[in-house]
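Q: Would you mind keeping the following structure in view while I ask a few things?
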Amino acid sequence: MSSSDNHGPFSPISSFGRSMSRLRKEKVHSLESNHKSTTRDLELESFQKQVTVRFEDLSRVSDDELLSVDWMRKLLDAFICCHEEFRAILLNNKEQVSNSPLDRSISEFFERLVKALDICNASSDGIEKIRVWLKHLDIVLCALSSNQRALSEGQVLRARKALMDLALTMLDEKDCKSVFPQRNRSFGRHNTSKDHRRHFAKHSRSHSWSVSRPWSAAKQLHSIANNLAPPRESEIVATSGLAIPIYTMNSVLLFVLWTLVAAIPCQDRGLNIQLSVPKQFSWSTPVTLLHERIKKRERRSSNGLLKEINEVESCVRHVTDLVDTVQFPLTDEQKVEVEQKVKELSLVFGALRDGLNPLERQVREVFHKIMSCRAEGL
Amino acid sequence: MSENGEEKLLAVARHIAKTLGHNNTMSDDIFQILSNFDGRFSRENLSEKGAEADSRACAALDHSLKTLDRRISNYVSSDRPIWADAADSAAFLDAVDELVAAVAEWNHLASDKAVAACLVRAEDMLQHAMFRLEDEFRSLMERGGESFGLTRDPRHGESAENLPFDSEDDDDDEEARNGDDEQIPVALPVTDFDIIIDALPAGTINDLHEIAKRMVAGGFGKECSHVYSSCRREFLEESISRLGLQKLSIEEVHKMTWPDLEDEIEKWIKASNVALKILFPSERRLCDRVFFGFASAADFSFMEVCRGSAIQLLNFADAVAIGSRSPERLFRILDVFETLRDLIPEFDALFSDQFSVSLRNEAVTIWKRLGEAIRGIFMELENLIRRDPAKMAVPGGGLHPITRYVMNYLRAACRSRQSLEQVFEDYGLKDYPKLDDRLPNSSSLSVQMDWIMELLESNLEAKSKIYKDPALCYVFLMNNGRYIVQKTKDSELGTLLGDDWIRKHAAKVRQFHVHYQRSSWNKVLGILKLDSNGSLPPNGLAKAMKEKLKSFNAAFEEICRDQSSWFVFDEQLREEIRISLEKILLPAYGNFIARFQGVPELGKHADKYIKFGTEDIQSRLNDLFQGSSGSTGSRK
């Protein structure tokens, strides 16, 4: 969404509160039964409150715990709950939702859900990619932590090899190809005359099983953010306030998916989207704050900002440095250092490994929830 | 080695005694016990002097390590693949085995400094041997894969004979034609799924198994599994591509035009069958042979190989399940539903271990979701019928396109009756009204069909109201009712709706016939009615009769003119209508004419007034319902 949408000379939402109260007054005089409209108002208010409470809670996280597996699970949990409540609102207002002017924004929302499904799938593939890293790490740990026995040169060599494999897997695919074009190719390696085989292998290999080669998480996020503008006052009135939860849910969806892409490896990651929610929405502050905090952490060619990933990465860097520099025979000091680093690595390794399963399950749950909502909307 | 063995034994005993004895007295006691037990464990042999023997044992170890090192490093540093020569590979494996045995044998003496130093050397040698094994394993995997259909090597041709893929020659031809690197050869259709591919030559599989055994024993199981699965995964991925299937995101599937998606579904069905019935089982077999004796490594490697391709296949079905629900998609989605259903036993068999059971569960979930999609399509069909506007009347009261569409649609759909019954089984029927008067044993599907027919009929009734002429309205209902009954009879749809339903609807058509006849011909018949009272004066009678005949002529003319432009699509129905009209009209007309001719004043001039003879009437009736003004519904 472009910033001009929100910082124009007249911010349509500045009178948000006023328009809600006007809306209420109008309803009193309208033919619509008082009871029904009051129920709806309560429903809409409770939804705003739920979103606000959830995200305020999420934003209270310490810097250390931000983007940890636990926090991510809490975020996905918040999404699932908000989404459930939103679904209930849609069901309770079926008539209005299926008619103009809301039908258009609802169908846009459903289009976004389809993109969300792909991002969930790509994230599941990303989690699978992390599992590959763990496989290499497992070898590193196995080589370096041979209990009792003294560390041998061969074991260090084995660890170094596994660390190199790990580094290759962690590198972006294209970099990987240019550095080691023939690594792990089963086709064409011994048959240079058939160059197309290698091309083929290159062509068919991608990070993901669930999305095509040119698919890009960054582009998907962009197109989800596209046309996502806060409702104007007239729209709010014309839709009896329903435009507000729709905008809210769209924003929550965008933020959650963006965070997912930020945290977990994903095909063609990119976090460069604008997320500017007018302050009149009570959940604006925590969401904007979180967005800023996460954005600051992004580095070039990052594999994902998940806390556990970063811990593993930094540990891996230490161990790699150590393994690359040690000379045999090891001094006692070095022995202690290796032991210590390996212990650290095995701790962060365990944390990442143990976090993956529940995280993956929850990504799948989000996928299934979106799937069934999408099916209802058809 | 026997001398060597004794040295070792003594070293062990010495070691035990030292470890167990916390002080010299205790050690002494233990030495005593040992020497009583076996003469060889004499105090002399085991005492401090024995340390000499200890170093002698160590020297033996050192010696055998040196020999092994020569044997192993020779191979490890060689540029040629060891497995190019059977004798080389056997010798290398023997050396590795001996090394592993030596390490195992001496491992418990690792606390001895000299032994520990030897063990570190042995460990290093082992690592290098393992690295080499890993490389050999990879290269065997790759070369084996190439011998299989990829590079046409006549020596390995036999294993590629019953492959579902096109031959390399075609592939090369294609390449020669357009030189396009991106061209992905597409597989020929497969009809026989009862084949298992030997993806690698039997000899290679044996070699791989021998290497895998050593690598697992040497603690390199993870590396081995990783090399194995990355090679096979790539092979599998290429196989799936060769079946014409591409990776698609849900959104891409969603945005495809329907004809493109139909093509893709076709390819998916073939690819899924080949994958689940040939490719995956072949991978399973290969995995079990290479990792024979290591069940967990086999399960894990198999999942690593197949997971991605399985997800790719399932993801497409998932994308189809949430696509548009327009009724024309029913048949292809039923195909996907049935394909996945029929493959569930394969999923069960292949993906049942701890690593892959989630794939099997996903398959079932997606299959159910496809069922939901099919129910959604029927709901869409209902909406389509309900909302079909009664704007334009079909000229001549003929068959309405919606009748033809719905009936043919349902007939075609009911050819997949079994699947549809599965889809509607256990599904909440509460959405449908009037459940109470239905037979308790009627299936959910027949309730569904009944409901759709009801919607269709009420829609047609609403449409019949457009006709201003009530007779035409009945002709319309007759036509459409007749078509419905005809399409229902002798079809699965009829079986579902039941004989009672058909009888009831045939009766309804007859009812429409009666109504039609009454509303359009009663007036004419009324004209022909003869007053029995002869109260009229003779002159008056002639005049009245002349009037009657005149109005009959006019009315008959008008009806025939109107109704010849009406249309009855079914010849038999047309015939029935005509016969029944003849039955009521001809006798009445005959009577009237006889009477007419009997009036004395008219007698000789009677023929002047009689416009229609009996045959004329018949022939005019014959011309009715030919739809001369329009061609609507000219086909059956």
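Chain identifiers are assigned as A, B, and so on, following the order in which chains appear in the structure tokens; residues are numbered from 1 within each chain, and ligands are numbered from 1 in order of appearance.
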For segment 358-373 of chain A, list every protein, DNA or RNA residue within 10 Å, evaluated using only C-alpha atoms, and leave out those in the same chain fewer than 6 positions away; present the list as a short mmCIF file (atom, residue, chain, number, x, y, z; two decimals) with C-alpha atoms, in the first residue's frame.
A:
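Saved to out.cif:
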data_model
loop_
_atom_site.label_atom_id
_atom_site.label_comp_id
_atom_site.auth_asym_id
_atom_site.auth_seq_id
_atom_site.Cartn_x
_atom_site.Cartn_y
_atom_site.Cartn_z
CA VAL A 69 9.45 -20.39 18.03
CA ASP A 70 7.22 -19.83 21.04
CA MET A 72 5.72 -17.40 16.43
CA ARG A 73 3.32 -20.00 17.72
CA LYS A 74 1.59 -17.37 19.77
CA LEU A 76 -0.16 -17.98 14.61
CA ASP A 77 -2.49 -18.75 17.46
CA PHE A 79 -4.22 -15.33 13.77
CA ILE A 80 -6.32 -18.47 14.12
CA HIS A 83 -9.77 -15.47 11.88
CA GLU A 84 -12.37 -17.61 13.65
CA ARG A 87 -15.55 -15.93 10.09
CA PHE A 110 -10.65 -14.49 -0.59
CA LEU A 113 -6.44 -16.09 1.20
CA VAL A 114 -5.36 -18.08 -1.85
CA ALA A 116 -1.84 -16.96 1.92
CA LEU A 117 -2.22 -20.69 1.27
CA ASP A 118 0.83 -20.61 -0.98
CA ILE A 119 2.84 -18.73 1.62
CA CYS A 120 1.87 -21.33 4.22
CA ASN A 121 2.97 -24.08 1.86
CA SER A 123 6.83 -21.93 4.82
CA SER A 124 6.24 -25.63 5.36
CA ASP A 125 8.82 -26.27 2.67
CA GLY A 126 11.08 -23.81 4.48
CA ILE A 127 10.71 -25.78 7.67
CA GLU A 128 11.67 -28.85 5.69
CA LEU A 260 6.11 -15.86 8.72
CA ASP B 318 -5.71 -29.48 -2.83
CA ALA B 319 -5.64 -26.56 -5.22
CA ALA B 321 -10.48 -28.76 -4.33
CA ILE B 322 -10.77 -25.05 -3.59
CA THR B 365 -7.84 -35.03 4.22
CA ARG B 369 -11.93 -31.94 0.75
CA GLU B 372 -16.72 -31.18 -0.13
#
Q: Could you list, as a CSV table (one decimal) with C-alpha atoms, in the first residue's frame, every residue of chain A that has an atom within 6 Å of an atom of chain B, counting only C-alpha atoms?
A:
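Wrote iface-v2.csv, looks like this:
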chain,number,residue,atom,x,y,z
A,114,VAL,CA,-5.4,-18.1,-1.9
A,152,SER,CA,40.8,-37.0,16.2
A,154,GLY,CA,39.5,-37.3,11.0
A,186,SER,CA,22.9,-37.2,-10.2
A,196,HIS,CA,20.9,-30.1,-21.0
A,209,TRP,CA,7.7,-28.5,-3.7
A,210,SER,CA,4.5,-26.7,-3.4
A,211,VAL,CA,5.1,-23.7,-5.5
A,212,SER,CA,6.6,-23.2,-9.0
A,375,ALA,CA,-14.1,-23.3,0.8
Q: Restricting the calculation to only C-alpha atoms, which member of A:Asp324, A:Glu95, A:Leu290, A:His222 is positioned closest to Leu163 of chain A?
A: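 Closest to Leu163 of chain A, using only C-alpha atoms: A:Asp324.
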Q: Give me, please, the distance in Å between atom CA of Lys608 of chain B and atom CA of Ala588 of chain B, quoted to one decimal.
A: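 So the two atoms, atom CA of Lys608 of chain B and atom CA of Ala588 of chain B, lie 20.0 Å apart.
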Q: Of the candidates B:Ser64, B:Met407, B:Trp521, B:Lys548, which one gets nearest to Lys489 of chain B if we count only C-alpha atoms?
A: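 Smallest separation from Lys489 of chain B among the options: B:Met407.
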Q: Give the helix (DSSP H, G or I) residues of segment 504-590 of chain B, as assigned by DSSP on the backbone, as number ranges by chain.
A: B: 504-528, 538-564, 571-590
Q: Which neighbours of segment 468-472 of chain B fall inside 6 Å, counting only C-alpha atoms, when residues of the same chain fewer than 3 positions from it are skipped, and could you give them as a ChimeraX atom specification?
A: /B:397,475,516,519-520
Q: For Lys523 of chain B, work out the shell of residues within 12 Å, counting only C-alpha atoms and skipping chain neighbours fewer than 5 positions away, then give it as an mmCIF file with all heavy atoms, in the first residue's frame.
A:
data_model
loop_
_atom_site.group_PDB
_atom_site.id
_atom_site.type_symbol
_atom_site.label_atom_id
_atom_site.label_comp_id
_atom_site.auth_asym_id
_atom_site.auth_seq_id
_atom_site.Cartn_x
_atom_site.Cartn_y
_atom_site.Cartn_z
ATOM 1 N N GLN B 517 -55.928 -30.421 -23.211
ATOM 2 C CA GLN B 517 -57.070 -30.730 -24.057
ATOM 3 C C GLN B 517 -58.290 -29.921 -23.632
ATOM 4 O O GLN B 517 -58.981 -29.345 -24.443
ATOM 5 C CB GLN B 517 -57.366 -32.218 -23.964
ATOM 6 C CG GLN B 517 -57.845 -32.788 -25.266
ATOM 7 C CD GLN B 517 -57.530 -34.264 -25.353
ATOM 8 O OE1 GLN B 517 -56.437 -34.635 -25.731
ATOM 9 N NE2 GLN B 517 -58.470 -35.094 -24.951
ATOM 10 N N ARG B 518 -58.496 -29.889 -22.331
ATOM 11 C CA ARG B 518 -59.646 -29.155 -21.816
ATOM 12 C C ARG B 518 -59.541 -27.691 -22.170
ATOM 13 O O ARG B 518 -60.478 -27.102 -22.701
ATOM 14 C CB ARG B 518 -59.695 -29.285 -20.295
ATOM 15 C CG ARG B 518 -60.564 -30.441 -19.881
ATOM 16 C CD ARG B 518 -60.815 -30.350 -18.385
ATOM 17 N NE ARG B 518 -60.955 -31.702 -17.885
ATOM 18 C CZ ARG B 518 -60.503 -32.108 -16.727
ATOM 19 N NH1 ARG B 518 -59.867 -31.257 -15.927
ATOM 20 N NH2 ARG B 518 -60.674 -33.357 -16.354
ATOM 21 N N LEU B 528 -69.770 -27.993 -31.242
ATOM 22 C CA LEU B 528 -70.339 -29.127 -31.984
ATOM 23 C C LEU B 528 -71.510 -29.787 -31.248
ATOM 24 O O LEU B 528 -72.161 -30.666 -31.764
ATOM 25 C CB LEU B 528 -69.256 -30.168 -32.249
ATOM 26 C CG LEU B 528 -68.126 -29.712 -33.187
ATOM 27 C CD1 LEU B 528 -67.094 -30.822 -33.338
ATOM 28 C CD2 LEU B 528 -68.686 -29.329 -34.558
ATOM 29 N N LYS B 529 -71.691 -29.383 -29.999
ATOM 30 C CA LYS B 529 -72.796 -29.980 -29.220
ATOM 31 C C LYS B 529 -74.125 -29.676 -29.888
ATOM 32 O O LYS B 529 -74.354 -28.563 -30.341
ATOM 33 C CB LYS B 529 -72.778 -29.419 -27.797
ATOM 34 C CG LYS B 529 -71.958 -30.259 -26.872
ATOM 35 C CD LYS B 529 -72.544 -30.230 -25.463
ATOM 36 C CE LYS B 529 -71.612 -30.937 -24.522
ATOM 37 N NZ LYS B 529 -70.815 -29.986 -23.714
ATOM 38 N N LYS B 548 -73.277 -22.516 -36.304
ATOM 39 C CA LYS B 548 -72.384 -23.414 -35.552
ATOM 40 C C LYS B 548 -71.217 -23.874 -36.421
ATOM 41 O O LYS B 548 -70.056 -23.847 -36.015
ATOM 42 C CB LYS B 548 -73.156 -24.643 -35.054
ATOM 43 C CG LYS B 548 -73.754 -24.486 -33.674
ATOM 44 C CD LYS B 548 -74.518 -25.748 -33.312
ATOM 45 C CE LYS B 548 -75.261 -25.626 -32.001
ATOM 46 N NZ LYS B 548 -74.401 -25.858 -30.840
ATOM 47 N N SER B 551 -68.782 -21.156 -36.944
ATOM 48 C CA SER B 551 -67.860 -20.869 -35.831
ATOM 49 C C SER B 551 -66.900 -22.029 -35.606
ATOM 50 O O SER B 551 -65.736 -21.827 -35.222
ATOM 51 C CB SER B 551 -68.579 -20.504 -34.537
ATOM 52 O OG SER B 551 -69.845 -21.050 -34.485
ATOM 53 N N PHE B 552 -67.382 -23.258 -35.855
ATOM 54 C CA PHE B 552 -66.445 -24.379 -35.736
ATOM 55 C C PHE B 552 -65.296 -24.203 -36.725
ATOM 56 O O PHE B 552 -64.114 -24.314 -36.351
ATOM 57 C CB PHE B 552 -67.141 -25.725 -35.995
ATOM 58 C CG PHE B 552 -66.163 -26.867 -36.083
ATOM 59 C CD1 PHE B 552 -65.665 -27.461 -34.934
ATOM 60 C CD2 PHE B 552 -65.693 -27.310 -37.318
ATOM 61 C CE1 PHE B 552 -64.732 -28.489 -35.019
ATOM 62 C CE2 PHE B 552 -64.771 -28.329 -37.408
ATOM 63 C CZ PHE B 552 -64.290 -28.928 -36.245
ATOM 64 N N ALA B 554 -64.134 -21.615 -38.080
ATOM 65 C CA ALA B 554 -63.231 -20.515 -37.693
ATOM 66 C C ALA B 554 -62.360 -20.927 -36.512
ATOM 67 O O ALA B 554 -61.139 -20.734 -36.508
ATOM 68 C CB ALA B 554 -64.046 -19.274 -37.346
ATOM 69 N N ALA B 555 -63.037 -21.528 -35.478
ATOM 70 C CA ALA B 555 -62.293 -21.893 -34.276
ATOM 71 C C ALA B 555 -61.245 -22.960 -34.581
ATOM 72 O O ALA B 555 -60.091 -22.878 -34.129
ATOM 73 C CB ALA B 555 -63.265 -22.399 -33.199
ATOM 74 N N PHE B 556 -61.657 -23.973 -35.350
ATOM 75 C CA PHE B 556 -60.728 -25.050 -35.690
ATOM 76 C C PHE B 556 -59.547 -24.495 -36.470
ATOM 77 O O PHE B 556 -58.378 -24.810 -36.209
ATOM 78 C CB PHE B 556 -61.473 -26.125 -36.507
ATOM 79 C CG PHE B 556 -60.631 -27.322 -36.831
ATOM 80 C CD1 PHE B 556 -60.251 -28.213 -35.832
ATOM 81 C CD2 PHE B 556 -60.209 -27.564 -38.136
ATOM 82 C CE1 PHE B 556 -59.480 -29.320 -36.137
ATOM 83 C CE2 PHE B 556 -59.417 -28.666 -38.432
ATOM 84 C CZ PHE B 556 -59.064 -29.554 -37.433
ATOM 85 N N ILE B 559 -57.298 -22.626 -34.057
ATOM 86 C CA ILE B 559 -56.510 -23.515 -33.185
ATOM 87 C C ILE B 559 -55.395 -24.172 -33.983
ATOM 88 O O ILE B 559 -54.241 -24.216 -33.570
ATOM 89 C CB ILE B 559 -57.411 -24.592 -32.551
ATOM 90 C CG1 ILE B 559 -58.272 -23.968 -31.465
ATOM 91 C CG2 ILE B 559 -56.556 -25.708 -31.948
ATOM 92 C CD1 ILE B 559 -59.077 -24.979 -30.679
ATOM 93 N N LEU B 585 -62.656 -35.597 -31.089
ATOM 94 C CA LEU B 585 -63.113 -34.627 -32.076
ATOM 95 C C LEU B 585 -63.884 -35.299 -33.226
ATOM 96 O O LEU B 585 -64.966 -34.836 -33.622
ATOM 97 C CB LEU B 585 -61.902 -33.862 -32.624
ATOM 98 C CG LEU B 585 -62.212 -32.580 -33.382
ATOM 99 C CD1 LEU B 585 -63.020 -31.626 -32.506
ATOM 100 C CD2 LEU B 585 -60.923 -31.908 -33.836
#
Q: Using only C-alpha atoms, which of the listed residues (A:Val97, A:Val61, A:Leu289, A:Leu347) sits closest to Thr239 of chain A?
A: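 Closest residue, counting only C-alpha atoms: A:Val97.
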Q: Could you name the residues that touch Tyr409 of chain B at 10 Å or less, counting only C-alpha atoms, but leaving out those on the same chain fewer than 4 positions away, as a PDB file with all heavy atoms, in the first residue's frame?
A:
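Final output, saved to result.pdb:
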ATOM      1  N   PRO B 327     -20.677 -25.811 -12.148  1.00  0.00           N
ATOM      2  CA  PRO B 327     -21.105 -27.199 -12.355  1.00  0.00           C
ATOM      3  C   PRO B 327     -20.348 -27.941 -13.453  1.00  0.00           C
ATOM      4  O   PRO B 327     -20.174 -29.144 -13.360  1.00  0.00           O
ATOM      5  CB  PRO B 327     -22.587 -27.045 -12.706  1.00  0.00           C
ATOM      6  CG  PRO B 327     -23.007 -25.816 -11.984  1.00  0.00           C
ATOM      7  CD  PRO B 327     -21.825 -24.896 -12.038  1.00  0.00           C
ATOM      8  N   GLU B 328     -19.874 -27.229 -14.474  1.00  0.00           N
ATOM      9  CA  GLU B 328     -19.227 -27.976 -15.553  1.00  0.00           C
ATOM     10  C   GLU B 328     -17.943 -28.657 -15.074  1.00  0.00           C
ATOM     11  O   GLU B 328     -17.428 -29.534 -15.736  1.00  0.00           O
ATOM     12  CB  GLU B 328     -18.945 -27.064 -16.752  1.00  0.00           C
ATOM     13  CG  GLU B 328     -17.598 -26.358 -16.712  1.00  0.00           C
ATOM     14  CD  GLU B 328     -17.708 -24.872 -16.514  1.00  0.00           C
ATOM     15  OE1 GLU B 328     -18.761 -24.432 -15.990  1.00  0.00           O
ATOM     16  OE2 GLU B 328     -16.773 -24.134 -16.875  1.00  0.00           O
ATOM     17  N   LEU B 330     -17.661 -30.509 -12.486  1.00  0.00           N
ATOM     18  CA  LEU B 330     -17.942 -31.706 -11.694  1.00  0.00           C
ATOM     19  C   LEU B 330     -17.168 -32.927 -12.172  1.00  0.00           C
ATOM     20  O   LEU B 330     -16.544 -33.633 -11.395  1.00  0.00           O
ATOM     21  CB  LEU B 330     -19.446 -32.011 -11.731  1.00  0.00           C
ATOM     22  CG  LEU B 330     -19.826 -33.332 -11.061  1.00  0.00           C
ATOM     23  CD1 LEU B 330     -19.652 -33.243  -9.553  1.00  0.00           C
ATOM     24  CD2 LEU B 330     -21.247 -33.729 -11.385  1.00  0.00           C
ATOM     25  N   PHE B 331     -17.213 -33.144 -13.489  1.00  0.00           N
ATOM     26  CA  PHE B 331     -16.742 -34.436 -13.982  1.00  0.00           C
ATOM     27  C   PHE B 331     -15.236 -34.611 -13.799  1.00  0.00           C
ATOM     28  O   PHE B 331     -14.775 -35.671 -13.410  1.00  0.00           O
ATOM     29  CB  PHE B 331     -17.196 -34.617 -15.430  1.00  0.00           C
ATOM     30  CG  PHE B 331     -18.692 -34.517 -15.520  1.00  0.00           C
ATOM     31  CD1 PHE B 331     -19.309 -33.329 -15.877  1.00  0.00           C
ATOM     32  CD2 PHE B 331     -19.475 -35.593 -15.150  1.00  0.00           C
ATOM     33  CE1 PHE B 331     -20.693 -33.234 -15.889  1.00  0.00           C
ATOM     34  CE2 PHE B 331     -20.861 -35.503 -15.162  1.00  0.00           C
ATOM     35  CZ  PHE B 331     -21.476 -34.323 -15.531  1.00  0.00           C
ATOM     36  N   LEU B 381     -25.118 -25.925  -8.567  1.00  0.00           N
ATOM     37  CA  LEU B 381     -26.111 -26.345  -9.558  1.00  0.00           C
ATOM     38  C   LEU B 381     -27.513 -25.976  -9.078  1.00  0.00           C
ATOM     39  O   LEU B 381     -28.342 -25.461  -9.846  1.00  0.00           O
ATOM     40  CB  LEU B 381     -26.013 -27.858  -9.792  1.00  0.00           C
ATOM     41  CG  LEU B 381     -27.034 -28.450 -10.766  1.00  0.00           C
ATOM     42  CD1 LEU B 381     -26.689 -28.057 -12.199  1.00  0.00           C
ATOM     43  CD2 LEU B 381     -27.089 -29.976 -10.652  1.00  0.00           C
ATOM     44  N   THR B 403     -33.970 -27.659 -18.834  1.00  0.00           N
ATOM     45  CA  THR B 403     -34.401 -29.043 -18.628  1.00  0.00           C
ATOM     46  C   THR B 403     -33.378 -29.983 -19.256  1.00  0.00           C
ATOM     47  O   THR B 403     -32.922 -30.949 -18.630  1.00  0.00           O
ATOM     48  CB  THR B 403     -35.757 -29.289 -19.290  1.00  0.00           C
ATOM     49  OG1 THR B 403     -36.634 -28.234 -18.923  1.00  0.00           O
ATOM     50  CG2 THR B 403     -36.341 -30.615 -18.871  1.00  0.00           C
ATOM     51  N   ARG B 404     -33.044 -29.645 -20.495  1.00  0.00           N
ATOM     52  CA  ARG B 404     -32.086 -30.507 -21.190  1.00  0.00           C
ATOM     53  C   ARG B 404     -30.750 -30.522 -20.438  1.00  0.00           C
ATOM     54  O   ARG B 404     -30.162 -31.570 -20.215  1.00  0.00           O
ATOM     55  CB  ARG B 404     -31.888 -30.002 -22.616  1.00  0.00           C
ATOM     56  CG  ARG B 404     -30.880 -30.836 -23.365  1.00  0.00           C
ATOM     57  CD  ARG B 404     -30.705 -30.399 -24.788  1.00  0.00           C
ATOM     58  NE  ARG B 404     -31.872 -30.706 -25.579  1.00  0.00           N
ATOM     59  CZ  ARG B 404     -32.426 -29.870 -26.457  1.00  0.00           C
ATOM     60  NH1 ARG B 404     -31.919 -28.670 -26.612  1.00  0.00           N
ATOM     61  NH2 ARG B 404     -33.466 -30.223 -27.151  1.00  0.00           N
ATOM     62  N   TYR B 405     -30.308 -29.338 -20.022  1.00  0.00           N
ATOM     63  CA  TYR B 405     -29.018 -29.234 -19.331  1.00  0.00           C
ATOM     64  C   TYR B 405     -29.027 -30.050 -18.045  1.00  0.00           C
ATOM     65  O   TYR B 405     -28.163 -30.895 -17.819  1.00  0.00           O
ATOM     66  CB  TYR B 405     -28.706 -27.764 -19.041  1.00  0.00           C
ATOM     67  CG  TYR B 405     -27.456 -27.567 -18.217  1.00  0.00           C
ATOM     68  CD1 TYR B 405     -26.200 -27.630 -18.811  1.00  0.00           C
ATOM     69  CD2 TYR B 405     -27.530 -27.322 -16.852  1.00  0.00           C
ATOM     70  CE1 TYR B 405     -25.050 -27.453 -18.064  1.00  0.00           C
ATOM     71  CE2 TYR B 405     -26.391 -27.151 -16.094  1.00  0.00           C
ATOM     72  CZ  TYR B 405     -25.154 -27.211 -16.695  1.00  0.00           C
ATOM     73  OH  TYR B 405     -24.014 -27.051 -15.961  1.00  0.00           O
ATOM     74  N   ALA B 413     -23.782 -37.384 -14.415  1.00  0.00           N
ATOM     75  CA  ALA B 413     -23.225 -37.417 -13.067  1.00  0.00           C
ATOM     76  C   ALA B 413     -23.497 -38.771 -12.415  1.00  0.00           C
ATOM     77  O   ALA B 413     -22.635 -39.329 -11.742  1.00  0.00           O
ATOM     78  CB  ALA B 413     -23.810 -36.293 -12.222  1.00  0.00           C
ATOM     79  N   CYS B 414     -24.696 -39.299 -12.656  1.00  0.00           N
ATOM     80  CA  CYS B 414     -25.072 -40.545 -11.982  1.00  0.00           C
ATOM     81  C   CYS B 414     -24.326 -41.746 -12.523  1.00  0.00           C
ATOM     82  O   CYS B 414     -24.408 -42.832 -11.954  1.00  0.00           O
ATOM     83  CB  CYS B 414     -26.575 -40.762 -12.067  1.00  0.00           C
ATOM     84  SG  CYS B 414     -27.442 -39.667 -10.950  1.00  0.00           S
TER      85      CYS B 414
END
Q: When you look at Gln267 of chain A with a cut-off of 8 Å (counting only C-alpha atoms), what residues show up, excluding the ones that are within fewer than 2 positions of it in the same chain? I need them as a ChimeraX atom specification.
A: /A:122,126,207-208,215-217,265,269
Q: One decimal, Å: what's the distance from atom CA of Leu75 of chain A over to atom CA of Arg54 of chain A, could you say?
A: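 Taking atom CA of Leu75 of chain A and atom CA of Arg54 of chain A, their separation equals 8.4 Å.
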Q: Point out the residue among B:Ala412, B:Leu99, B:Met449, B:Val423 with the least atom-to-atom distance to Arg341 of chain B, counting only C-alpha atoms.
A: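 Of B:Ala412, B:Leu99, B:Met449, B:Val423, the one nearest Arg341 of chain B is B:Val423, counting only C-alpha atoms.
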Q: Could you check how far atom CA of Ile130 of chain A sits from atom CA of Lys213 of chain B, in Å to one decimal?
A: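 Answer for the atom CA of Ile130 of chain A to atom CA of Lys213 of chain B separation: 27.6 Å.
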